[in-house]
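What follows is a set of notes on a single structure, which appears directly below.
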Amino acid sequence: MGDRNVQEQNGWYMKITYLYHSGFSVELEECVLLFDYYKGKLPEWEKNKAVYVFASHKHQDHFNMGIFDLAKQYEKIHFFLGSDIKLSKNYLERNGIPSSLKEKMTNTGKNKGFEKNGIRVRTLRSNDAGVAFIVEAEGRTVYHAGDLNWWHWEGEPYPFNENMEKDYKREIDSMKGLSIDAAFVVLDPRLERACGWGMDYFLEQVGARAVFPMHMWEKYEIIGQYKKTGTGNAHREQIMDIREAGQEFEN
């Protein structure tokens, strides 16, 4: 966090807005990255900016067909969609979306890489649904987990939880050595004692300049509770305190 003018002079200004749940926008000098938006008020960006929209998977708390309305406002727009979001031209038209917009969509599965107008996109395999995204743009690297997390649900039969742990660690380990500016990582209070395990492992193995907890179901107090744990306290300066939808961070 810091002074916007100083950051702009150094060419690395980045404005992040928490939209709701797992939805965030990342505004850079020339483009905007919009992740897993399905609800909340969007900022208004300059019309000449390129807008890249990312939807990790089709769960209703990560994807909303309304994202395609953004194409009416922003001519330079492209959509990166998890491979489980299947939208034919006929389906788009039945939902009032021009079929021509299909040309501005890229469906992607796990472990794929793309370049689009100077940005680089890499996907990881989610151990729940869809993908996670690593995006490089304007000298910045951003990670959005989607539903990739160390899911540990009490009462699940063996080997469900063990496989979730193994799959999560494999994907996070693939990011070791990566310098990440902003990371959006699951901190789900429904997991109870396992709530912070995924965040712990990410911070210990990869880390980021700024880490934004998400998927909290509006229980924002979980961030303060997590910061009192061993790993949370050790990385408390990197963990952003989210209090409400629409909150802005300058990084």
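To be explicit about the labels: the chains of the structure tokens are called A, B, and onward in the order shown, and within each one the residues are counted from 1, while ligands get numbers from 1 in the order they are shown.
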
>> Env of Gln247 in chain A: 10 Å cut, atoms = only C-alpha atoms, seq-sep filter 5 positions within chain, self excluded. Answer as a list of chain:residue names.
In response: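 With the cut-off at 10 Å, the set is A:Ile16, A:Thr17, A:Tyr18, A:Leu19, A:Tyr20, A:Phe24, A:Asp241, A:Ile242.
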
Please produce a file of the residues just selected, as a PDB file, in the first residue's frame, where the atoms kept are C-alpha atoms.
```
ATOM      1  CA  ILE A  16      -7.658  -3.367  -6.342  1.00  0.00           C
ATOM      2  CA  THR A  17     -11.357  -3.335  -5.503  1.00  0.00           C
ATOM      3  CA  TYR A  18     -13.046  -6.045  -3.466  1.00  0.00           C
ATOM      4  CA  LEU A  19     -16.421  -6.580  -5.107  1.00  0.00           C
ATOM      5  CA  TYR A  20     -18.029  -9.416  -3.156  1.00  0.00           C
ATOM      6  CA  PHE A  24     -12.056  -8.562  -7.347  1.00  0.00           C
ATOM      7  CA  ASP A 241      -8.017  -6.443   6.042  1.00  0.00           C
ATOM      8  CA  ILE A 242     -11.250  -6.690   4.083  1.00  0.00           C
TER       9      ILE A 242
END
```

> Hey, what's within 6 Å of Lys15 in chain A if we count only C-alpha atoms and toss same-chain stuff fewer than 6 positions away? As an MDAnalysis selection string, please?
Replying inline: chainID A and resid 26:27 249:250

>> From a backbone DSSP assignment, name each residue in range 37-206 of chain A labelled alpha helix (DSSP H), as a list of chain:residue names.
In response: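 Selection result, alpha helix (DSSP H) within range 37-206 of chain A: A:Lys89, A:Asn90, A:Tyr91, A:Leu92, A:Glu93, A:Arg94, A:Phe160, A:Asn161, A:Glu162, A:Asn163, A:Met164, A:Glu165, A:Lys166, A:Asp167, A:Tyr168, A:Lys169, A:Arg170, A:Glu171, A:Ile172, A:Asp173, A:Trp197, A:Gly198, A:Met199, A:Asp200, A:Tyr201, A:Phe202, A:Leu203, A:Glu204, A:Gln205.
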
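For Lys166 in chain A, the non-local neighbours within 12 Å, defined as residues at least 6 positions apart in the same chain or in other chains and counting only C-alpha atoms, are A:Ser126, A:Asn127, A:Leu148, A:Asn149, A:Trp150, A:Trp151, A:His152, A:Pro159, A:Phe160, A:Ile172, A:Asp173, A:Gly198, A:Tyr201.
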
Write the residues you've just listed into a file as a short mmCIF file (atom, residue, chain, number, x, y, z; two decimals), in the first residue's frame, and include all heavy atoms for each of them.
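The resulting file, part-v1.cif, is shown below:
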```
data_model
loop_
_atom_site.label_atom_id
_atom_site.label_comp_id
_atom_site.auth_asym_id
_atom_site.auth_seq_id
_atom_site.Cartn_x
_atom_site.Cartn_y
_atom_site.Cartn_z
N SER A 126 -7.97 -26.67 -10.49
CA SER A 126 -8.65 -26.57 -9.21
C SER A 126 -9.00 -27.96 -8.70
O SER A 126 -9.36 -28.84 -9.49
CB SER A 126 -9.93 -25.74 -9.33
OG SER A 126 -10.65 -25.76 -8.12
N ASN A 127 -8.90 -28.16 -7.39
CA ASN A 127 -9.30 -29.45 -6.83
C ASN A 127 -10.78 -29.47 -6.45
O ASN A 127 -11.25 -30.42 -5.82
CB ASN A 127 -8.43 -29.82 -5.63
CG ASN A 127 -8.42 -28.76 -4.54
OD1 ASN A 127 -8.97 -27.67 -4.71
ND2 ASN A 127 -7.79 -29.06 -3.42
N LEU A 148 -9.63 -23.29 -5.83
CA LEU A 148 -8.48 -24.11 -5.48
C LEU A 148 -8.12 -23.84 -4.03
O LEU A 148 -7.76 -22.72 -3.66
CB LEU A 148 -7.29 -23.79 -6.40
CG LEU A 148 -5.96 -24.48 -6.06
CD1 LEU A 148 -6.09 -26.00 -6.13
CD2 LEU A 148 -4.85 -23.99 -6.98
N ASN A 149 -8.21 -24.86 -3.19
CA ASN A 149 -7.99 -24.67 -1.76
C ASN A 149 -7.72 -26.02 -1.10
O ASN A 149 -8.00 -27.08 -1.65
CB ASN A 149 -9.22 -24.01 -1.11
CG ASN A 149 -9.00 -23.66 0.35
OD1 ASN A 149 -7.92 -23.20 0.73
ND2 ASN A 149 -9.99 -23.89 1.19
N TRP A 150 -7.19 -25.96 0.10
CA TRP A 150 -7.03 -27.17 0.91
C TRP A 150 -8.37 -27.43 1.58
O TRP A 150 -8.60 -27.07 2.73
CB TRP A 150 -5.92 -26.95 1.92
CG TRP A 150 -5.54 -28.16 2.75
CD1 TRP A 150 -6.29 -29.26 3.01
CD2 TRP A 150 -4.30 -28.35 3.43
NE1 TRP A 150 -5.61 -30.13 3.81
CE2 TRP A 150 -4.37 -29.59 4.09
CE3 TRP A 150 -3.13 -27.58 3.58
CZ2 TRP A 150 -3.32 -30.08 4.87
CZ3 TRP A 150 -2.10 -28.07 4.35
CH2 TRP A 150 -2.19 -29.31 4.99
N TRP A 151 -9.27 -28.07 0.85
CA TRP A 151 -10.60 -28.35 1.38
C TRP A 151 -10.53 -29.55 2.31
O TRP A 151 -10.14 -30.65 1.90
CB TRP A 151 -11.58 -28.62 0.24
CG TRP A 151 -11.75 -27.49 -0.72
CD1 TRP A 151 -11.29 -27.41 -2.00
CD2 TRP A 151 -12.44 -26.26 -0.47
NE1 TRP A 151 -11.63 -26.22 -2.57
CE2 TRP A 151 -12.35 -25.49 -1.66
CE3 TRP A 151 -13.14 -25.74 0.63
CZ2 TRP A 151 -12.92 -24.22 -1.76
CZ3 TRP A 151 -13.70 -24.47 0.52
CH2 TRP A 151 -13.59 -23.73 -0.67
N HIS A 152 -10.90 -29.34 3.55
CA HIS A 152 -10.91 -30.42 4.54
C HIS A 152 -12.23 -30.35 5.29
O HIS A 152 -12.43 -29.47 6.13
CB HIS A 152 -9.74 -30.28 5.52
CG HIS A 152 -9.64 -31.40 6.51
ND1 HIS A 152 -8.78 -32.46 6.35
CD2 HIS A 152 -10.32 -31.63 7.66
CE1 HIS A 152 -8.92 -33.30 7.38
NE2 HIS A 152 -9.86 -32.81 8.18
N PRO A 159 -10.64 -41.57 1.02
CA PRO A 159 -9.50 -40.65 1.13
C PRO A 159 -9.82 -39.24 0.63
O PRO A 159 -8.94 -38.57 0.10
CB PRO A 159 -8.48 -41.32 0.22
CG PRO A 159 -9.33 -41.84 -0.92
CD PRO A 159 -10.66 -42.24 -0.31
N PHE A 160 -11.07 -38.78 0.76
CA PHE A 160 -11.46 -37.47 0.20
C PHE A 160 -10.54 -36.35 0.65
O PHE A 160 -9.95 -35.64 -0.17
CB PHE A 160 -12.91 -37.16 0.57
CG PHE A 160 -13.38 -35.81 0.09
CD1 PHE A 160 -13.93 -35.67 -1.17
CD2 PHE A 160 -13.26 -34.68 0.89
CE1 PHE A 160 -14.37 -34.43 -1.63
CE2 PHE A 160 -13.69 -33.44 0.44
CZ PHE A 160 -14.24 -33.32 -0.82
N ILE A 172 0.01 -25.62 -5.67
CA ILE A 172 0.73 -24.51 -5.03
C ILE A 172 2.23 -24.68 -5.21
O ILE A 172 2.96 -23.71 -5.48
CB ILE A 172 0.36 -24.41 -3.54
CG1 ILE A 172 -1.13 -24.13 -3.37
CG2 ILE A 172 1.19 -23.33 -2.85
CD1 ILE A 172 -1.63 -22.87 -4.06
N ASP A 173 2.72 -25.90 -5.08
CA ASP A 173 4.16 -26.15 -5.26
C ASP A 173 4.63 -25.75 -6.65
O ASP A 173 5.79 -25.37 -6.83
CB ASP A 173 4.47 -27.63 -5.01
CG ASP A 173 4.39 -28.02 -3.54
OD1 ASP A 173 4.31 -27.10 -2.69
OD2 ASP A 173 4.39 -29.23 -3.24
N GLY A 198 -5.22 -23.84 3.88
CA GLY A 198 -4.85 -23.48 2.52
C GLY A 198 -4.05 -22.18 2.47
O GLY A 198 -3.06 -22.06 1.74
N TYR A 201 -0.46 -22.77 3.78
CA TYR A 201 0.44 -23.42 2.83
C TYR A 201 0.86 -22.47 1.73
O TYR A 201 2.03 -22.44 1.32
CB TYR A 201 -0.20 -24.68 2.24
CG TYR A 201 0.80 -25.58 1.56
CD1 TYR A 201 1.63 -26.40 2.32
CD2 TYR A 201 0.93 -25.60 0.18
CE1 TYR A 201 2.57 -27.23 1.71
CE2 TYR A 201 1.85 -26.42 -0.45
CZ TYR A 201 2.68 -27.23 0.33
OH TYR A 201 3.62 -28.03 -0.29
#
```

> Which of these residues is nearest to Asp69 in chain A, using only C-alpha atoms: A:Gly82, A:Pro98, A:Gly196, A:Gly118?
Replying inline: A:Pro98

>> Can you tell me which residues surround Glu192 in chain A at a distance of at most 10 Å, considering only C-alpha atoms, apart from same-chain residues fewer than 3 positions away, and format the answer as number ranges by chain?
In response: A: 152-154, 188-189, 195-196

> For His59 in chain A, which of A:Ile222, A:Val121, A:Val131, A:Leu187 is the closest residue, counting only C-alpha atoms?
Replying inline: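 So, comparing all the options, the nearest one is A:Val131.
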
>> Please determine, counting only C-alpha atoms, which residue among A:Gly246, A:Pro157, A:Gly23, A:Gly113 has the shortest atom-to-atom distance to Asp61 in chain A.
In response: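 That would be A:Gly23, the residue with the smallest distance to Asp61 in chain A.
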
> range 181-184 of chain A: which residues within 6 Å, counting only C-alpha atoms, same-chain residues fewer than 3 positions away excluded, as a PyMOL selection string?
Replying inline: chain A and resi 141-144+208-213

>> Using only C-alpha atoms, which protein or nucleic acid residues come within 10 Å of Met175 in chain A? Drop anything in the same chain fewer than 6 positions from it, and give the result as a ChimeraX atom specification.
In response: /A:124,134,143,202,205-207

Same residues, N, CA and C atoms, output as a PDB file, in the first residue's frame:
```pdb
ATOM      1  N   LEU A 124      -4.055 -23.149 -13.403  1.00  0.00           N
ATOM      2  CA  LEU A 124      -3.789 -24.293 -12.556  1.00  0.00           C
ATOM      3  C   LEU A 124      -5.067 -25.122 -12.455  1.00  0.00           C
ATOM      4  N   ILE A 134      -3.173 -17.449 -13.027  1.00  0.00           N
ATOM      5  CA  ILE A 134      -1.995 -16.613 -12.800  1.00  0.00           C
ATOM      6  C   ILE A 134      -1.893 -15.688 -14.004  1.00  0.00           C
ATOM      7  N   TYR A 143      -2.406 -13.628  -8.817  1.00  0.00           N
ATOM      8  CA  TYR A 143      -2.910 -14.996  -8.695  1.00  0.00           C
ATOM      9  C   TYR A 143      -4.313 -14.964  -8.111  1.00  0.00           C
ATOM     10  N   PHE A 202      -0.076 -21.660   1.252  1.00  0.00           N
ATOM     11  CA  PHE A 202       0.271 -20.684   0.218  1.00  0.00           C
ATOM     12  C   PHE A 202       1.312 -19.690   0.736  1.00  0.00           C
ATOM     13  N   GLN A 205       4.794 -21.413   1.249  1.00  0.00           N
ATOM     14  CA  GLN A 205       5.479 -21.949   0.071  1.00  0.00           C
ATOM     15  C   GLN A 205       5.667 -20.926  -1.049  1.00  0.00           C
ATOM     16  N   VAL A 206       4.773 -19.957  -1.148  1.00  0.00           N
ATOM     17  CA  VAL A 206       4.814 -19.014  -2.273  1.00  0.00           C
ATOM     18  C   VAL A 206       4.814 -17.569  -1.772  1.00  0.00           C
ATOM     19  N   GLY A 207       3.707 -17.148  -1.173  1.00  0.00           N
ATOM     20  CA  GLY A 207       3.595 -15.782  -0.661  1.00  0.00           C
ATOM     21  C   GLY A 207       3.332 -14.756  -1.746  1.00  0.00           C
TER      22      GLY A 207
END
```

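As for CA of Ser22 in chain A and CA of Arg243 in chain A, they are spaced 13.5 Å apart.
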
>> Based on the backbone DSSP call, show me all residues of range 32-127 of chain A assigned strand (DSSP E or B), as a PyMOL selection string.
In response: chain A and resi 32-35+50-55+77-82+105-108+113-116+119-125

Taking C-alpha atoms for each residue, export the selection above as a short mmCIF file (atom, residue, chain, number, x, y, z; two decimals), in the first residue's frame.
```
data_model
loop_
_atom_site.label_atom_id
_atom_site.label_comp_id
_atom_site.auth_asym_id
_atom_site.auth_seq_id
_atom_site.Cartn_x
_atom_site.Cartn_y
_atom_site.Cartn_z
CA VAL A 32 -8.30 -4.04 -15.98
CA LEU A 33 -8.39 -7.62 -14.70
CA LEU A 34 -11.79 -8.71 -13.36
CA PHE A 35 -11.96 -11.99 -11.43
CA ALA A 50 -8.66 -3.15 -22.15
CA VAL A 51 -10.79 -5.27 -19.82
CA TYR A 52 -9.96 -8.93 -19.23
CA VAL A 53 -12.66 -10.89 -17.45
CA PHE A 54 -11.82 -14.17 -15.70
CA ALA A 55 -14.39 -16.72 -14.51
CA ILE A 77 -12.70 -6.79 -23.79
CA HIS A 78 -11.90 -10.48 -23.59
CA PHE A 79 -13.28 -13.28 -21.43
CA PHE A 80 -11.25 -16.18 -20.05
CA LEU A 81 -13.64 -18.89 -18.90
CA GLY A 82 -13.08 -22.16 -17.09
CA MET A 105 -14.11 -15.74 -25.28
CA THR A 106 -11.36 -18.21 -24.47
CA ASN A 107 -12.35 -21.42 -22.73
CA THR A 108 -9.51 -22.95 -20.79
CA GLY A 113 -0.98 -20.86 -21.17
CA PHE A 114 -2.16 -17.94 -23.29
CA GLU A 115 -0.90 -14.58 -24.49
CA LYS A 116 -3.35 -11.85 -25.39
CA ILE A 119 -0.78 -10.15 -21.06
CA ARG A 120 0.07 -13.72 -20.13
CA VAL A 121 -2.40 -16.12 -18.58
CA ARG A 122 -1.57 -19.46 -16.98
CA THR A 123 -4.07 -21.84 -15.42
CA LEU A 124 -3.79 -24.29 -12.56
CA ARG A 125 -6.08 -27.24 -11.91
#
```

> Near His235 in chain A, counting only C-alpha atoms, which residues have an atom at most 9 Å away, once you skip same-chain residues fewer than 5 positions from it, shown as a list in words?
Replying inline: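 These residues fall inside the cut-off: Leu203, Gly207, Lys227 and Gly230 of chain A.
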
>> Report, in Å with one decimal, the straight-line distance from CA of Ser83 in chain A to CA of Cys31 in chain A.
In response: 23.8 Å

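Relative to CA of Trp45 in chain A, CA of Asn64 in chain A is found at 19.8 Å.
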